[in-house]
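Engineer: Handing you a structure now.
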Amino acid sequence: MKTSYREAMRAALREALAADPRVFLMGEDVGKYGGSYAVTKGLLEEFGPERIRDTPLSELAFVGVGIGAALGGMRPIVEVMTVNFSLLALDQIVNTASLYRHMSGGQFSVPLVIRMATGAGRQIAAQHSHSLENWYAHVPGLKVLAPATVEDARGMLAPALADPDPVVIFEHAQLYNVEGELPEPWTRDIKSAAVRKQGSAVSLITYGGSLPKTLAAAELLTGEGIDAEVVDLRVLRPLDDATIMASVVKCRRAVVVDEGWKTGSLAAEVMARIVEQAFYELDAPLARVCSEEVPIPYARHMEEAALPQPAKIVAAVKGLLA
Amino acid sequence: MTLAPPPSGRVPWEREFALGMVRDMLRIRRMEERAAELYGEQKIRGFLHLYIGEEAVAVGALHALAPEDNIVATYREHGHALVRGMPMRTIMAEMYGKREGCSRGRGGSMHLFDARLRLYGGNAIVGGGLPLAVGLALADKLQGVRRVTACFFGEGAMAEGVFHESMNLAALWQVPALFCCENNLYAMGTALARSESQTDLCIKAAAYKVPTLKVDGQDVVAVHEVAKEAQQQVRAGKGPFFVEFQTYRYRAHSMFDPDLYRDKKEIEEWKTRGPLHSFTARLKAEGKLAEEQFLALDAEVAREVEDAVAYAEAGSWEPVEDLTRDVTAP
């Protein structure tokens, strides 16, 4: 069945709300407006204002309320409009949600799901174009997911809600309109990375909004006789080392593609793990394609120049094979 | 500033109940005095924030609540945990960092948790507990549970944006939350008047249409009566309520604090309004408490403190192999 990423996510939300009366959704403009990315359109009419709860612009408080409600026996889904605004809620996520289980000696569990859009590419300039997934992936106690396909948009929410710990889901804003086939049954796995294209010459490791670009790069490479493998991390914390290493061992070369800035990036973490675990399997130094270390500009040509693009990925691969 | 005279007037309580209040205030006082000594002996490390001087607030307010209510507290929460029913042994062991502590020694003085007592910490981020309390109260409202969530915080938290965001949400959604502001006049070393343009704290809560009361936090009778009234409103489904307890801490902010920002004379003046001796004086005047009874009570509390210390001393260390346990569910 063909569906869009947005529709798949909405179907997952509808299923979760219908399945469990403890589940409720709250966030800015999730109700009357229908979601700033139209993901939650129609849910208010279907489930009512108690369960589709519009919030004021109070990211810190409504994320904290989500934590409290989770502690109080509910299964809240908190939509923080975008990762850019989630910075206002970092304290509650990092100082409360992620710590409570360990700090209380295992007494408290925070079964909270936080969803947010992330990423650049729509000419909305520096303050609305961050990719800060690695900030969250840094924190023990959190689980961090990056569904990049229609199937994962449909399938990752239910296991995230079933998880007894806080889960942060990043939805790249460029993906909402992507359409794809939804297999039946769809996966509900929130543990593993996935190989999206088999190959043997180089392993391209990526996640989220960079997956379509990386697949496009792989296709360009195929045209040049280079058989690239594409690994979609899917789960950014904890990383699935086994799938990453299996691909690296097989291809003996790897390029990591990450829309985050290079310094301190998730790409850096993946590369460090490869060096720790598979250094002697490599035939070439590792490479990465990240965003340029600049605030993301508004003008289209400048924004494009700042972000990972298929041509940059192709060039990085050729650099390894030269 | 001229201070009001010490709390006085008739105590409208049965003798037994009144003595229970003395006993709980004394338990907090003696436990913390001992904790301060143990800090000097390096048995307790890290941050240690003493509640000495503020005991009437936790004792008066918590005795107005029901066992099924939720409690959210701050890093100055030894008294709240104790009055709530956490054994002194467990508190002391946690301060020692021992496995027998309420949080297995992982939290220490600032992070006393007890799921059974519905004590949700022990939060060491100023204002961090406020939205948590709104969420707990929302969960109860959504599940049709008639319960009060009491959230304790200092006046310093009211300068945080999260106070205002939480107050708005609590009132907007009419959740059963009781906001208990322990106004001890200093946010660490910064006096209220040096940090807030509006020093009448009730006005801030009232701006969100939350009903408010303020009360002398050194008067355990007044604290308890006001808390009873406030929790009754919340329990009746009338939405959130805010109470300002005007109190004072006699010790420094933490054991690291040289306490240079306030006049020693001011501290001495506030001590004349001490919650313990002003209350026992009233009981004695009414013939409800004799000096020898007080001394017997004090001796009993001293034994409890020494028992708690012995328990903590005899406790064990969590094995290092358990370091990564409970970061996430297994």
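Labeling convention for the structure tokens: chains A, B, ... as they appear, residues from 1 per chain, ligands from 1 in order of appearance.
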Where does chain B meet chain A within 6 Å, residue by residue, with the nearest atom pair and distance in Å to one decimal for each, counting only C-alpha atoms, listed by chain and rising number, as a tab-separated table?
Structural biologist:
residue	atom	partner	partner_atom	distance
B:Ser103	CA	A:Gly105	CA	4.2
B:Arg104	CA	A:Gly105	CA	5.2
B:Arg106	CA	A:Met103	CA	5.5
B:Gly107	CA	A:Met103	CA	5.3
B:Phe113	CA	A:Ser104	CA	5.7
B:Pro131	CA	A:Gly64	CA	4.7
B:Leu132	CA	A:Gly68	CA	4.1
B:Val134	CA	A:Val65	CA	5.7
B:Gly135	CA	A:Val65	CA	3.8
B:Leu136	CA	A:Gly68	CA	4.5
B:Ala139	CA	A:Ala69	CA	4.8
B:Val162	CA	A:Ala61	CA	5.9
B:Glu165	CA	A:Ala61	CA	5.7
B:Ser166	CA	A:Ala61	CA	5.6
B:Asp326	CA	A:His102	CA	5.0
B:Val327	CA	A:His102	CA	5.0
B:Thr328	CA	A:Gly141	CA	5.4
Engineer: Got a sec: who's within 10 Å of Gly42 in chain A, counting only C-alpha atoms, leaving out chain neighbours fewer than 4 positions off, as a PDB file with C-alpha atoms, in the first residue's frame?
Structural biologist:
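Written file, around_27.pdb:
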ATOM      1  CA  ARG A  10      -0.749   9.773  11.716  1.00  0.00           C
ATOM      2  CA  ARG A  14      -4.389   6.959  15.700  1.00  0.00           C
ATOM      3  CA  VAL A  30      -1.577  19.526  17.668  1.00  0.00           C
ATOM      4  CA  GLY A  31      -5.348  19.969  17.975  1.00  0.00           C
ATOM      5  CA  LYS A  32      -7.336  22.766  16.341  1.00  0.00           C
ATOM      6  CA  TYR A  33      -4.565  23.636  13.916  1.00  0.00           C
ATOM      7  CA  GLY A  34      -3.993  19.995  13.029  1.00  0.00           C
ATOM      8  CA  GLY A  35      -0.268  19.908  13.711  1.00  0.00           C
ATOM      9  CA  ALA A  38      -0.332  18.361   9.550  1.00  0.00           C
ATOM     10  CA  GLU A  46     -11.701  11.837  16.541  1.00  0.00           C
ATOM     11  CA  PHE A  47     -10.349  11.704  20.095  1.00  0.00           C
ATOM     12  CA  GLY A  48     -11.440  14.976  21.721  1.00  0.00           C
ATOM     13  CA  ILE A  52      -5.453  15.743  21.845  1.00  0.00           C
TER      14      ILE A  52
END
Engineer: Would you please extract all strand (DSSP E or B) residues from range 57-128 of chain B, as assigned by DSSP on the backbone, and give them as a ChimeraX atom specification?
Structural biologist: /B:70-74,114,119-123
Engineer: Within 9 Å of range 205-208 of chain B, counting only C-alpha atoms, which residues qualify if same-chain residues fewer than 6 places away don't, as a PyMOL selection string?
Structural biologist: chain B and resi 164+167-172+241-242
Engineer: Need to verify the contact set: Thr149 in chain A, 12 Å, only C-alpha atoms, exclusion of same-chain residues closer than 6 positions in sequence. Can you return it as a VMD selection string?
Structural biologist: chain A and resid 3 to 9 155 to 156 171 to 172 174 to 183 186 to 187 194 196 207 to 212 215 232 to 234
Engineer: May I have the selected residues written with C-alpha atoms, as a JSON list (two decimals), in the first residue's frame?
Structural biologist:
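Result written to result24.json:
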[["chain", "number", "residue", "atom", "x", "y", "z"],
["A", 3, "THR", "CA", 1.33, 6.04, 1.75],
["A", 4, "SER", "CA", 3.19, 9.17, 2.80],
["A", 5, "TYR", "CA", 5.47, 9.46, 5.80],
["A", 6, "ARG", "CA", 3.02, 11.95, 7.30],
["A", 7, "GLU", "CA", 0.06, 9.63, 6.83],
["A", 8, "ALA", "CA", 2.02, 6.71, 8.21],
["A", 9, "MET", "CA", 2.86, 8.67, 11.34],
["A", 155, "GLY", "CA", 6.05, 1.09, 12.97],
["A", 156, "MET", "CA", 8.32, 2.78, 15.51],
["A", 171, "GLU", "CA", 11.08, 13.19, 12.21],
["A", 172, "HIS", "CA", 13.03, 15.00, 9.50],
["A", 174, "GLN", "CA", 11.84, 16.86, 4.54],
["A", 175, "LEU", "CA", 10.46, 13.36, 4.92],
["A", 176, "TYR", "CA", 6.81, 14.16, 5.64],
["A", 177, "ASN", "CA", 5.86, 14.27, 1.95],
["A", 178, "VAL", "CA", 7.93, 11.26, 0.97],
["A", 179, "GLU", "CA", 5.75, 8.44, -0.30],
["A", 180, "GLY", "CA", 6.51, 4.78, -0.20],
["A", 181, "GLU", "CA", 5.13, 1.29, -0.04],
["A", 182, "LEU", "CA", 4.05, 0.19, 3.39],
["A", 183, "PRO", "CA", 4.78, -3.52, 3.68],
["A", 186, "TRP", "CA", 5.52, -3.59, 8.99],
["A", 187, "THR", "CA", 8.44, -3.85, 11.38],
["A", 194, "ALA", "CA", 18.82, -1.60, 8.67],
["A", 196, "ARG", "CA", 18.60, -0.21, 2.88],
["A", 207, "TYR", "CA", 20.02, 8.22, 9.28],
["A", 208, "GLY", "CA", 16.89, 10.38, 9.08],
["A", 209, "GLY", "CA", 16.63, 13.02, 6.40],
["A", 210, "SER", "CA", 19.98, 12.09, 4.93],
["A", 211, "LEU", "CA", 18.79, 8.61, 3.94],
["A", 212, "PRO", "CA", 17.10, 9.67, 0.67],
["A", 215, "LEU", "CA", 20.32, 6.40, -1.52],
["A", 232, "ASP", "CA", 20.17, 3.38, 7.97],
["A", 233, "LEU", "CA", 20.97, 3.71, 11.69],
["A", 234, "ARG", "CA", 17.26, 4.08, 12.64]]
Engineer: If we count only C-alpha atoms and set the cut-off at 10 Å, which residues sit around range 272-276 of chain A, ignoring sequence neighbours fewer than 4 positions away in its own chain? Please answer as a PyMOL selection string.
Structural biologist: chain A and resi 239+241+244-245+248-249+254+266-268+280-282+285-286
Engineer: Have a look at B:Gly129, B:Pro67, B:Gly237, B:Gly156 and name the one nearest to Ala191 in chain B; count only C-alpha atoms.
Structural biologist: B:Gly156
Engineer: Name the residues of range 109-309 of chain A that fall into alpha helix (DSSP H) according to DSSP on the backbone, using the chain letters and numbers of this document, as number ranges by chain.
Structural biologist: A: 133-137, 150-155, 157-162, 210-223, 241-251, 266-278, 300-306
Engineer: Contacts of Ala227 in chain B at 8 Å or less, counting only C-alpha atoms, minus same-chain residues fewer than 2 places along, as a PDB file with C-alpha atoms, in the first residue's frame?
Structural biologist:
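The resulting file, result_39.pdb, is reproduced below:
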ATOM      1  CA  GLY B  60       2.343  21.462  59.288  1.00  0.00           C
ATOM      2  CA  ALA B  61       1.707  21.030  55.586  1.00  0.00           C
ATOM      3  CA  ALA B  64      -2.639  18.154  56.290  1.00  0.00           C
ATOM      4  CA  VAL B 223       0.778  26.419  58.615  1.00  0.00           C
ATOM      5  CA  HIS B 224      -1.314  23.361  59.302  1.00  0.00           C
ATOM      6  CA  GLU B 225      -4.645  25.160  59.351  1.00  0.00           C
ATOM      7  CA  GLU B 229      -7.935  24.602  53.942  1.00  0.00           C
ATOM      8  CA  ALA B 230      -5.872  24.719  50.749  1.00  0.00           C
ATOM      9  CA  GLN B 231      -5.735  20.963  50.226  1.00  0.00           C
ATOM     10  CA  VAL B 243       0.350  28.901  49.511  1.00  0.00           C
TER      11      VAL B 243
END
Engineer: Using only C-alpha atoms, which residues sit within 9 Å of range 119-128 of chain A once same-chain residues fewer than 3 positions away are excluded, as number ranges by chain?
Structural biologist: A: 82-85, 131-132, 171-174, 208-209, 259-260, 294-300, 303-304, 307
Engineer: Using only C-alpha atoms, which residue out of B:Thr324, B:Thr280, B:Gln174, B:Ser197 lies closest to Val220 in chain B?
Structural biologist: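 Closest residue, counting only C-alpha atoms: B:Thr280.
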